[in-house]
Amino acid sequence: QPVTKDARCGKDFGGTTCMGSKWGNCCSKWSYCGSTEDYCGPDTCQKGYGLCN
């Protein structure tokens, strides 16, 4: 999986992952990378494109 270069992630953005990105390791369901509960929480995380809590 390619690591995102623009903080966008997930199936709508070429399947890019947030793992190892400078914005955070979690991909939210809105296809943005981050590291807070808003991105990593089980209800807001996009599975398969970074870490999920």
# chains A, B, ... in the order shown; residues from 1 in each chain; ligands from 1
>>> residues_around(residues="region 34-40 of chain A", least_positions_apart="3", cutoff="10 Å", atoms="only C-alpha atoms", output="ChimeraX atom specification")
/A:7-8,18,21-31,43-47,50-53
>>> write_last_selection(atoms="C-alpha atoms", output="PDB file, in the first residue's frame")
ATOM      1  CA  ALA A   7      -3.144  13.343   4.245  1.00  0.00           C
ATOM      2  CA  ARG A   8      -5.965  11.766   2.200  1.00  0.00           C
ATOM      3  CA  CYS A  18      -1.834   6.458   6.842  1.00  0.00           C
ATOM      4  CA  SER A  21       2.477   9.268   7.516  1.00  0.00           C
ATOM      5  CA  LYS A  22       3.387  12.538   9.225  1.00  0.00           C
ATOM      6  CA  TRP A  23      -0.286  13.325   9.913  1.00  0.00           C
ATOM      7  CA  GLY A  24      -0.971  10.205  11.964  1.00  0.00           C
ATOM      8  CA  ASN A  25      -1.417   6.455  11.553  1.00  0.00           C
ATOM      9  CA  CYS A  26      -5.231   6.348  11.458  1.00  0.00           C
ATOM     10  CA  CYS A  27      -7.485   6.895   8.446  1.00  0.00           C
ATOM     11  CA  SER A  28     -10.917   8.331   9.228  1.00  0.00           C
ATOM     12  CA  LYS A  29     -14.110   7.412   7.372  1.00  0.00           C
ATOM     13  CA  TRP A  30     -13.886  10.881   5.835  1.00  0.00           C
ATOM     14  CA  SER A  31     -10.580   9.761   4.267  1.00  0.00           C
ATOM     15  CA  ASP A  43     -16.891   4.248  14.799  1.00  0.00           C
ATOM     16  CA  THR A  44     -14.900   6.719  12.709  1.00  0.00           C
ATOM     17  CA  CYS A  45     -11.916   4.671  11.523  1.00  0.00           C
ATOM     18  CA  GLN A  46     -11.589   3.374   7.955  1.00  0.00           C
ATOM     19  CA  LYS A  47     -10.284  -0.173   8.455  1.00  0.00           C
ATOM     20  CA  GLY A  50      -4.046   2.492   9.031  1.00  0.00           C
ATOM     21  CA  LEU A  51      -4.492   1.780  12.717  1.00  0.00           C
ATOM     22  CA  CYS A  52      -7.913   1.495  14.344  1.00  0.00           C
ATOM     23  CA  ASN A  53      -8.684   1.362  18.066  1.00  0.00           C
TER      24      ASN A  53
END
>>> select_by_dssp(residues="chain A", states="strand (DSSP E or B)", output="list in words")
Val3, Arg8, Gly10, Thr16, Thr17, Cys26, Cys27, Ser28, Tyr32, Cys33, Gly34 and Cys45 of chain A
>>> write_last_selection(atoms="C-alpha atoms", output="JSON list (two decimals), in the first residue's frame")
[["chain", "number", "residue", "atom", "x", "y", "z"],
["A", 3, "VAL", "CA", 1.66, 5.84, 2.08],
["A", 8, "ARG", "CA", -5.96, 11.77, 2.20],
["A", 10, "GLY", "CA", -8.56, 5.01, 1.86],
["A", 16, "THR", "CA", -3.39, 4.90, 0.29],
["A", 17, "THR", "CA", -2.56, 4.16, 3.92],
["A", 26, "CYS", "CA", -5.23, 6.35, 11.46],
["A", 27, "CYS", "CA", -7.49, 6.90, 8.45],
["A", 28, "SER", "CA", -10.92, 8.33, 9.23],
["A", 32, "TYR", "CA", -8.22, 11.96, 6.27],
["A", 33, "CYS", "CA", -5.18, 10.83, 8.29],
["A", 34, "GLY", "CA", -4.84, 11.70, 11.96],
["A", 45, "CYS", "CA", -11.92, 4.67, 11.52]]
>>> select_by_dssp(residues="chain A", states="helix (DSSP H, G or I)", output="list in words")
Lys11, Asp12, Phe13, Glu37, Asp38, Tyr39 and Cys40 of chain A
>>> decode(residues="chain A", atoms="C-alpha atoms", output="PDB file, in the first residue's frame")
ATOM      1  CA  GLN A   1       0.000   0.000   0.000  1.00  0.00           C
ATOM      2  CA  PRO A   2       1.331   3.444  -0.842  1.00  0.00           C
ATOM      3  CA  VAL A   3       1.657   5.845   2.079  1.00  0.00           C
ATOM      4  CA  THR A   4      -0.327   9.049   1.577  1.00  0.00           C
ATOM      5  CA  LYS A   5       1.515  12.199   0.548  1.00  0.00           C
ATOM      6  CA  ASP A   6      -1.407  14.602   1.055  1.00  0.00           C
ATOM      7  CA  ALA A   7      -3.144  13.343   4.245  1.00  0.00           C
ATOM      8  CA  ARG A   8      -5.965  11.766   2.200  1.00  0.00           C
ATOM      9  CA  CYS A   9      -6.386   8.013   2.500  1.00  0.00           C
ATOM     10  CA  GLY A  10      -8.562   5.010   1.865  1.00  0.00           C
ATOM     11  CA  LYS A  11     -10.432   3.418  -0.991  1.00  0.00           C
ATOM     12  CA  ASP A  12     -11.454   6.729  -2.566  1.00  0.00           C
ATOM     13  CA  PHE A  13      -7.852   7.937  -2.758  1.00  0.00           C
ATOM     14  CA  GLY A  14      -6.038   5.117  -4.507  1.00  0.00           C
ATOM     15  CA  GLY A  15      -6.035   2.855  -1.461  1.00  0.00           C
ATOM     16  CA  THR A  16      -3.385   4.903   0.293  1.00  0.00           C
ATOM     17  CA  THR A  17      -2.563   4.160   3.915  1.00  0.00           C
ATOM     18  CA  CYS A  18      -1.834   6.458   6.842  1.00  0.00           C
ATOM     19  CA  MET A  19       0.666   4.067   8.433  1.00  0.00           C
ATOM     20  CA  GLY A  20       3.911   5.983   8.792  1.00  0.00           C
ATOM     21  CA  SER A  21       2.477   9.268   7.516  1.00  0.00           C
ATOM     22  CA  LYS A  22       3.387  12.538   9.225  1.00  0.00           C
ATOM     23  CA  TRP A  23      -0.286  13.325   9.913  1.00  0.00           C
ATOM     24  CA  GLY A  24      -0.971  10.205  11.964  1.00  0.00           C
ATOM     25  CA  ASN A  25      -1.417   6.455  11.553  1.00  0.00           C
ATOM     26  CA  CYS A  26      -5.231   6.348  11.458  1.00  0.00           C
ATOM     27  CA  CYS A  27      -7.485   6.895   8.446  1.00  0.00           C
ATOM     28  CA  SER A  28     -10.917   8.331   9.228  1.00  0.00           C
ATOM     29  CA  LYS A  29     -14.110   7.412   7.372  1.00  0.00           C
ATOM     30  CA  TRP A  30     -13.886  10.881   5.835  1.00  0.00           C
ATOM     31  CA  SER A  31     -10.580   9.761   4.267  1.00  0.00           C
ATOM     32  CA  TYR A  32      -8.219  11.962   6.272  1.00  0.00           C
ATOM     33  CA  CYS A  33      -5.180  10.830   8.288  1.00  0.00           C
ATOM     34  CA  GLY A  34      -4.843  11.703  11.960  1.00  0.00           C
ATOM     35  CA  SER A  35      -3.904  10.368  15.373  1.00  0.00           C
ATOM     36  CA  THR A  36      -6.803  11.315  17.657  1.00  0.00           C
ATOM     37  CA  GLU A  37      -9.973   9.417  18.584  1.00  0.00           C
ATOM     38  CA  ASP A  38     -11.783  11.245  15.767  1.00  0.00           C
ATOM     39  CA  TYR A  39      -9.610   9.319  13.311  1.00  0.00           C
ATOM     40  CA  CYS A  40      -8.743   6.158  15.256  1.00  0.00           C
ATOM     41  CA  GLY A  41     -12.006   5.374  17.046  1.00  0.00           C
ATOM     42  CA  PRO A  42     -13.913   2.227  16.035  1.00  0.00           C
ATOM     43  CA  ASP A  43     -16.891   4.248  14.799  1.00  0.00           C
ATOM     44  CA  THR A  44     -14.900   6.719  12.709  1.00  0.00           C
ATOM     45  CA  CYS A  45     -11.916   4.671  11.523  1.00  0.00           C
ATOM     46  CA  GLN A  46     -11.589   3.374   7.955  1.00  0.00           C
ATOM     47  CA  LYS A  47     -10.284  -0.173   8.455  1.00  0.00           C
ATOM     48  CA  GLY A  48      -7.448  -1.412   6.285  1.00  0.00           C
ATOM     49  CA  TYR A  49      -5.790   1.958   5.707  1.00  0.00           C
ATOM     50  CA  GLY A  50      -4.046   2.492   9.031  1.00  0.00           C
ATOM     51  CA  LEU A  51      -4.492   1.780  12.717  1.00  0.00           C
ATOM     52  CA  CYS A  52      -7.913   1.495  14.344  1.00  0.00           C
ATOM     53  CA  ASN A  53      -8.684   1.362  18.066  1.00  0.00           C
TER      54      ASN A  53
END
